[in-house]
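entry-v7.txt, holding compact mmCIF, N, CA and C atoms:
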# COMPACT_ATOMS: atom_id res chain seq x y z
N MET A 1 -10.65 23.07 -14.70
CA MET A 1 -9.84 22.12 -15.44
C MET A 1 -10.49 21.89 -16.80
N SER A 2 -9.68 21.89 -17.83
CA SER A 2 -10.22 21.72 -19.18
C SER A 2 -10.61 20.27 -19.43
N LEU A 3 -11.48 20.08 -20.40
CA LEU A 3 -11.94 18.74 -20.76
C LEU A 3 -10.76 17.89 -21.22
N ARG A 4 -9.84 18.50 -21.94
CA ARG A 4 -8.65 17.78 -22.43
C ARG A 4 -7.83 17.24 -21.25
N THR A 5 -7.62 18.07 -20.24
CA THR A 5 -6.87 17.65 -19.06
C THR A 5 -7.60 16.53 -18.34
N GLN A 6 -8.92 16.65 -18.23
CA GLN A 6 -9.71 15.61 -17.57
C GLN A 6 -9.56 14.27 -18.30
N ILE A 7 -9.59 14.31 -19.61
CA ILE A 7 -9.46 13.09 -20.40
C ILE A 7 -8.07 12.49 -20.21
N ILE A 8 -7.04 13.32 -20.23
CA ILE A 8 -5.67 12.84 -20.04
C ILE A 8 -5.51 12.19 -18.67
N VAL A 9 -6.04 12.83 -17.64
CA VAL A 9 -5.95 12.27 -16.28
C VAL A 9 -6.70 10.95 -16.21
N ALA A 10 -7.91 10.89 -16.77
CA ALA A 10 -8.70 9.66 -16.74
C ALA A 10 -7.98 8.52 -17.46
N VAL A 11 -7.41 8.80 -18.61
CA VAL A 11 -6.68 7.77 -19.36
C VAL A 11 -5.45 7.31 -18.58
N ALA A 12 -4.73 8.25 -17.96
CA ALA A 12 -3.54 7.89 -17.17
C ALA A 12 -3.93 7.01 -15.99
N VAL A 13 -5.02 7.33 -15.33
CA VAL A 13 -5.47 6.52 -14.18
C VAL A 13 -5.89 5.13 -14.65
N ILE A 14 -6.59 5.04 -15.75
CA ILE A 14 -7.01 3.73 -16.27
C ILE A 14 -5.81 2.89 -16.66
N ILE A 15 -4.81 3.50 -17.30
CA ILE A 15 -3.58 2.78 -17.65
C ILE A 15 -2.88 2.29 -16.38
N ALA A 16 -2.80 3.15 -15.38
CA ALA A 16 -2.16 2.77 -14.12
C ALA A 16 -2.90 1.59 -13.48
N LEU A 17 -4.23 1.60 -13.53
CA LEU A 17 -5.01 0.50 -12.98
C LEU A 17 -4.77 -0.80 -13.75
N LEU A 18 -4.64 -0.70 -15.05
CA LEU A 18 -4.34 -1.89 -15.86
C LEU A 18 -2.96 -2.45 -15.53
N VAL A 19 -1.98 -1.56 -15.38
CA VAL A 19 -0.63 -1.99 -15.00
C VAL A 19 -0.65 -2.65 -13.62
N LEU A 20 -1.37 -2.05 -12.70
CA LEU A 20 -1.48 -2.61 -11.35
C LEU A 20 -2.15 -3.98 -11.38
N SER A 21 -3.19 -4.12 -12.18
CA SER A 21 -3.86 -5.42 -12.30
C SER A 21 -2.92 -6.46 -12.89
N GLY A 22 -2.13 -6.06 -13.88
CA GLY A 22 -1.14 -6.98 -14.46
C GLY A 22 -0.09 -7.40 -13.44
N MET A 23 0.31 -6.47 -12.59
CA MET A 23 1.29 -6.80 -11.56
C MET A 23 0.71 -7.78 -10.54
N ILE A 24 -0.58 -7.65 -10.25
CA ILE A 24 -1.22 -8.59 -9.33
C ILE A 24 -1.28 -9.98 -9.96
N LYS A 25 -1.63 -10.04 -11.25
CA LYS A 25 -1.69 -11.34 -11.93
C LYS A 25 -0.32 -12.01 -11.98
N LYS A 26 0.73 -11.24 -12.16
CA LYS A 26 2.09 -11.79 -12.22
C LYS A 26 2.69 -11.99 -10.83
N LYS A 27 1.90 -11.71 -9.81
CA LYS A 27 2.31 -11.86 -8.41
C LYS A 27 3.53 -11.00 -8.07
N LYS A 28 3.57 -9.81 -8.65
CA LYS A 28 4.63 -8.85 -8.32
C LYS A 28 4.21 -7.93 -7.17
N ILE A 29 2.91 -7.91 -6.89
CA ILE A 29 2.39 -7.13 -5.77
C ILE A 29 1.19 -7.89 -5.21
N GLU A 30 1.05 -7.86 -3.89
CA GLU A 30 -0.07 -8.54 -3.26
C GLU A 30 -1.32 -7.66 -3.32
N VAL A 31 -2.47 -8.31 -3.34
CA VAL A 31 -3.73 -7.60 -3.46
C VAL A 31 -3.90 -6.63 -2.28
N ARG A 32 -3.52 -7.06 -1.08
CA ARG A 32 -3.73 -6.20 0.09
C ARG A 32 -2.95 -4.89 -0.03
N PHE A 33 -1.79 -4.93 -0.71
CA PHE A 33 -1.03 -3.69 -0.91
C PHE A 33 -1.58 -2.89 -2.08
N ALA A 34 -2.17 -3.58 -3.03
CA ALA A 34 -2.71 -2.89 -4.21
C ALA A 34 -4.02 -2.19 -3.92
N LEU A 35 -4.72 -2.63 -2.89
CA LEU A 35 -6.04 -2.04 -2.60
C LEU A 35 -5.95 -0.53 -2.34
N ILE A 36 -4.93 -0.11 -1.63
CA ILE A 36 -4.82 1.33 -1.34
C ILE A 36 -4.56 2.12 -2.62
N TRP A 37 -3.86 1.52 -3.57
CA TRP A 37 -3.63 2.20 -4.85
C TRP A 37 -4.90 2.24 -5.68
N TYR A 38 -5.71 1.18 -5.59
CA TYR A 38 -7.02 1.20 -6.25
C TYR A 38 -7.90 2.29 -5.65
N LEU A 39 -7.86 2.43 -4.34
CA LEU A 39 -8.64 3.47 -3.66
C LEU A 39 -8.19 4.86 -4.12
N LEU A 40 -6.88 5.06 -4.19
CA LEU A 40 -6.36 6.35 -4.66
C LEU A 40 -6.82 6.63 -6.09
N ALA A 41 -6.76 5.62 -6.95
CA ALA A 41 -7.20 5.81 -8.34
C ALA A 41 -8.68 6.17 -8.40
N LEU A 42 -9.47 5.53 -7.55
CA LEU A 42 -10.90 5.84 -7.51
C LEU A 42 -11.14 7.29 -7.09
N VAL A 43 -10.42 7.74 -6.08
CA VAL A 43 -10.55 9.13 -5.62
C VAL A 43 -10.14 10.10 -6.74
N ILE A 44 -9.05 9.79 -7.41
CA ILE A 44 -8.59 10.66 -8.50
C ILE A 44 -9.63 10.70 -9.63
N LEU A 45 -10.19 9.54 -9.97
CA LEU A 45 -11.20 9.51 -11.03
C LEU A 45 -12.44 10.31 -10.63
N VAL A 46 -12.88 10.17 -9.39
CA VAL A 46 -14.06 10.92 -8.93
C VAL A 46 -13.78 12.43 -8.99
N LEU A 47 -12.60 12.85 -8.50
CA LEU A 47 -12.24 14.27 -8.54
C LEU A 47 -12.06 14.76 -9.98
N ASP A 48 -11.63 13.86 -10.87
CA ASP A 48 -11.46 14.22 -12.27
C ASP A 48 -12.81 14.39 -12.96
N ILE A 49 -13.72 13.48 -12.66
CA ILE A 49 -15.04 13.54 -13.30
C ILE A 49 -15.89 14.67 -12.72
N PHE A 50 -15.76 14.88 -11.41
CA PHE A 50 -16.52 15.94 -10.73
C PHE A 50 -15.55 16.94 -10.09
N PRO A 51 -14.97 17.85 -10.89
CA PRO A 51 -13.97 18.77 -10.34
C PRO A 51 -14.53 19.74 -9.29
N GLY A 52 -15.83 19.93 -9.27
CA GLY A 52 -16.44 20.80 -8.27
C GLY A 52 -16.34 20.24 -6.86
N LEU A 53 -16.19 18.92 -6.75
CA LEU A 53 -16.06 18.31 -5.42
C LEU A 53 -14.81 18.80 -4.70
N LEU A 54 -13.72 19.00 -5.44
CA LEU A 54 -12.49 19.49 -4.82
C LEU A 54 -12.69 20.90 -4.29
N ASP A 55 -13.42 21.72 -5.05
CA ASP A 55 -13.69 23.08 -4.59
C ASP A 55 -14.55 23.07 -3.33
N LYS A 56 -15.54 22.17 -3.29
CA LYS A 56 -16.40 22.08 -2.11
C LYS A 56 -15.60 21.57 -0.90
N ALA A 57 -14.74 20.60 -1.11
CA ALA A 57 -13.90 20.09 -0.02
C ALA A 57 -12.94 21.16 0.46
N THR A 58 -12.41 21.95 -0.47
CA THR A 58 -11.50 23.03 -0.11
C THR A 58 -12.21 24.06 0.76
N ALA A 59 -13.41 24.44 0.36
CA ALA A 59 -14.18 25.41 1.15
C ALA A 59 -14.57 24.83 2.50
N PHE A 60 -14.97 23.57 2.53
CA PHE A 60 -15.38 22.93 3.78
C PHE A 60 -14.22 22.87 4.77
N MET A 61 -13.03 22.55 4.27
CA MET A 61 -11.85 22.43 5.16
C MET A 61 -11.26 23.80 5.50
N GLY A 62 -11.68 24.83 4.80
CA GLY A 62 -11.16 26.17 5.07
C GLY A 62 -9.79 26.42 4.49
N VAL A 63 -9.46 25.65 3.46
CA VAL A 63 -8.17 25.81 2.77
C VAL A 63 -8.33 26.89 1.71
N GLY A 64 -7.28 27.69 1.53
CA GLY A 64 -7.38 28.82 0.61
C GLY A 64 -7.55 28.43 -0.85
N LEU A 65 -6.73 27.53 -1.33
CA LEU A 65 -6.74 27.17 -2.75
C LEU A 65 -6.93 25.67 -2.93
N ALA A 66 -7.52 25.29 -4.04
CA ALA A 66 -7.75 23.87 -4.33
C ALA A 66 -6.43 23.12 -4.46
N VAL A 67 -5.42 23.77 -5.01
CA VAL A 67 -4.12 23.11 -5.17
C VAL A 67 -3.51 22.80 -3.80
N ASN A 68 -3.73 23.69 -2.83
CA ASN A 68 -3.25 23.41 -1.48
C ASN A 68 -3.99 22.21 -0.88
N MET A 69 -5.26 22.08 -1.20
CA MET A 69 -6.05 20.94 -0.73
C MET A 69 -5.50 19.65 -1.33
N LEU A 70 -5.12 19.68 -2.61
CA LEU A 70 -4.54 18.50 -3.24
C LEU A 70 -3.23 18.10 -2.55
N PHE A 71 -2.39 19.09 -2.26
CA PHE A 71 -1.13 18.79 -1.56
C PHE A 71 -1.42 18.21 -0.18
N PHE A 72 -2.41 18.75 0.52
CA PHE A 72 -2.77 18.23 1.83
C PHE A 72 -3.27 16.79 1.73
N MET A 73 -4.11 16.52 0.74
CA MET A 73 -4.61 15.16 0.55
C MET A 73 -3.46 14.21 0.20
N GLY A 74 -2.53 14.66 -0.61
CA GLY A 74 -1.36 13.84 -0.95
C GLY A 74 -0.51 13.56 0.28
N PHE A 75 -0.34 14.56 1.11
CA PHE A 75 0.42 14.39 2.35
C PHE A 75 -0.26 13.37 3.26
N CYS A 76 -1.57 13.48 3.40
CA CYS A 76 -2.32 12.53 4.24
C CYS A 76 -2.23 11.11 3.67
N PHE A 77 -2.30 11.00 2.34
CA PHE A 77 -2.18 9.69 1.70
C PHE A 77 -0.80 9.10 1.97
N ALA A 78 0.24 9.92 1.87
CA ALA A 78 1.60 9.45 2.14
C ALA A 78 1.74 8.98 3.58
N LEU A 79 1.13 9.70 4.51
CA LEU A 79 1.18 9.29 5.92
C LEU A 79 0.49 7.94 6.13
N VAL A 80 -0.63 7.74 5.47
CA VAL A 80 -1.34 6.46 5.59
C VAL A 80 -0.47 5.33 5.04
N ILE A 81 0.14 5.55 3.89
CA ILE A 81 1.01 4.53 3.29
C ILE A 81 2.17 4.21 4.24
N ILE A 82 2.80 5.24 4.78
CA ILE A 82 3.92 5.02 5.70
C ILE A 82 3.46 4.25 6.93
N PHE A 83 2.31 4.59 7.47
CA PHE A 83 1.81 3.90 8.65
C PHE A 83 1.52 2.43 8.36
N VAL A 84 0.85 2.16 7.25
CA VAL A 84 0.53 0.78 6.89
C VAL A 84 1.80 -0.03 6.67
N MET A 85 2.77 0.55 5.97
CA MET A 85 4.03 -0.16 5.73
C MET A 85 4.78 -0.39 7.05
N THR A 86 4.71 0.55 7.97
CA THR A 86 5.35 0.38 9.28
C THR A 86 4.72 -0.79 10.03
N LEU A 87 3.40 -0.89 9.96
CA LEU A 87 2.72 -2.03 10.59
C LEU A 87 3.18 -3.35 9.99
N TRP A 88 3.26 -3.42 8.67
CA TRP A 88 3.66 -4.67 8.01
C TRP A 88 5.11 -5.01 8.33
N VAL A 89 5.99 -4.03 8.34
CA VAL A 89 7.40 -4.29 8.66
C VAL A 89 7.52 -4.78 10.10
N SER A 90 6.76 -4.19 11.01
CA SER A 90 6.79 -4.62 12.41
C SER A 90 6.31 -6.06 12.54
N ARG A 91 5.22 -6.38 11.89
CA ARG A 91 4.71 -7.76 11.95
C ARG A 91 5.71 -8.75 11.37
N LEU A 92 6.28 -8.40 10.24
CA LEU A 92 7.26 -9.30 9.62
C LEU A 92 8.50 -9.44 10.49
N SER A 93 8.92 -8.38 11.13
CA SER A 93 10.08 -8.44 12.02
C SER A 93 9.81 -9.38 13.18
N MET A 94 8.62 -9.31 13.76
CA MET A 94 8.27 -10.21 14.86
C MET A 94 8.22 -11.66 14.38
N LYS A 95 7.70 -11.89 13.17
CA LYS A 95 7.65 -13.24 12.63
C LYS A 95 9.05 -13.79 12.38
N VAL A 96 9.94 -12.96 11.85
CA VAL A 96 11.31 -13.39 11.61
C VAL A 96 11.99 -13.76 12.93
N LYS A 97 11.78 -12.96 13.94
CA LYS A 97 12.36 -13.25 15.26
C LYS A 97 11.84 -14.58 15.79
N GLN A 98 10.52 -14.78 15.70
CA GLN A 98 9.92 -16.02 16.18
C GLN A 98 10.44 -17.22 15.40
N LEU A 99 10.51 -17.11 14.09
CA LEU A 99 11.00 -18.22 13.27
C LEU A 99 12.47 -18.52 13.55
N THR A 100 13.26 -17.49 13.78
CA THR A 100 14.67 -17.69 14.11
C THR A 100 14.81 -18.44 15.43
N GLN A 101 14.00 -18.07 16.41
CA GLN A 101 14.05 -18.76 17.70
C GLN A 101 13.60 -20.21 17.56
N GLU A 102 12.54 -20.46 16.81
CA GLU A 102 12.07 -21.82 16.60
C GLU A 102 13.11 -22.66 15.86
N LEU A 103 13.76 -22.07 14.88
CA LEU A 103 14.81 -22.77 14.14
C LEU A 103 15.98 -23.12 15.05
N ALA A 104 16.35 -22.20 15.92
CA ALA A 104 17.45 -22.46 16.86
C ALA A 104 17.09 -23.60 17.80
N LEU A 105 15.85 -23.62 18.29
CA LEU A 105 15.43 -24.71 19.17
C LEU A 105 15.43 -26.05 18.45
N LEU A 106 14.93 -26.08 17.22
CA LEU A 106 14.93 -27.32 16.43
C LEU A 106 16.35 -27.79 16.13
N ASP A 107 17.23 -26.84 15.83
CA ASP A 107 18.63 -27.19 15.57
C ASP A 107 19.28 -27.78 16.82
N LYS A 108 18.97 -27.21 17.97
CA LYS A 108 19.51 -27.72 19.23
C LYS A 108 18.99 -29.14 19.51
N LYS A 109 17.68 -29.36 19.30
CA LYS A 109 17.11 -30.69 19.51
C LYS A 109 17.74 -31.71 18.56
N LEU A 110 17.95 -31.31 17.32
CA LEU A 110 18.55 -32.20 16.33
C LEU A 110 19.98 -32.58 16.73
N SER A 111 20.74 -31.59 17.17
CA SER A 111 22.12 -31.89 17.57
C SER A 111 22.15 -32.77 18.83
N GLU A 112 21.21 -32.54 19.75
CA GLU A 112 21.13 -33.39 20.94
C GLU A 112 20.74 -34.82 20.57
N THR A 113 19.83 -34.98 19.61
CA THR A 113 19.42 -36.30 19.17
C THR A 113 20.58 -37.01 18.48
N ASP A 114 21.34 -36.27 17.66
CA ASP A 114 22.50 -36.87 16.98
C ASP A 114 23.54 -37.32 18.00
N MET A 115 23.77 -36.52 19.04
CA MET A 115 24.77 -36.89 20.05
C MET A 115 24.31 -38.11 20.85
N ALA A 116 23.00 -38.17 21.13
CA ALA A 116 22.46 -39.30 21.88
C ALA A 116 22.57 -40.58 21.09
N GLN A 117 22.51 -40.48 19.77
CA GLN A 117 22.60 -41.68 18.93
C GLN A 117 24.05 -41.99 18.56
N GLY A 118 24.97 -41.15 19.03
CA GLY A 118 26.39 -41.40 18.79
C GLY A 118 26.87 -40.95 17.41
N LYS A 119 26.13 -40.04 16.76
CA LYS A 119 26.55 -39.54 15.44
C LYS A 119 27.40 -38.31 15.57
N GLY A 120 27.47 -37.72 16.77
CA GLY A 120 28.12 -36.46 17.00
C GLY A 120 29.56 -36.48 16.87
Translate this structure into structure tokens?
Amino acid sequence: MSLRTQIIVAVAVIIALLVLSGMIKKKKIEVRFALIWYLLALVILVLDIFPGLLDKATAFMGVGLAVNMLFFMGFCFALVIIFVMTLWVSRLSMKVKQLTQELALLDKKLSETDMAQGKG
């Protein structure tokens, strides 16, 4: 990779990190969701600064080309994101169900109290 490409990648990653930080400050994204993007940016910066690491990882994993290793790493990253989001959606779904049930019980108690007081 040429020095020019390395500089462009580094600048793009730094800009992305600044945008992400701004989104956290404006409360457009939660820190817990931003952490994985910070981790990805760190990995990209390390691979950008030390391009030989990708070649060593490629050889260690037995992958033919470094570009194939990048695609594999991207695929693994996408799987992690999907898994984490699935966990959060599941948790939120359970919370919504619980809150709906609690609201229904409170509504029932309120209507029973109103009827007992003759407001019904």
For this session: Find the residue from A:Leu70, A:Ile44, A:Ala78, A:Ala104 that sits nearest to Val11 (chain A); use only C-alpha atoms when measuring.
Result: A:Ile44
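Here the question is which of A:Leu39, A:Val67, A:Val89, A:Ile14 gets nearest to Pro51 (chain A) using only C-alpha atoms, and that residue is A:Val67.
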Exercise. Near Trp88 (chain A), within 12 Å and counting only C-alpha atoms, which residues show up once chain neighbours fewer than 6 positions away are dropped, as a list in words?
Worked result: Arg32, Phe33, Ile81, Ile82, Met94 and Lys95 of chain A
For this session: Could you tell me how far CA of Ala41 (chain A) lies from CA of Val13 (chain A), in Å and to one decimal?
Result: 6.1 Å
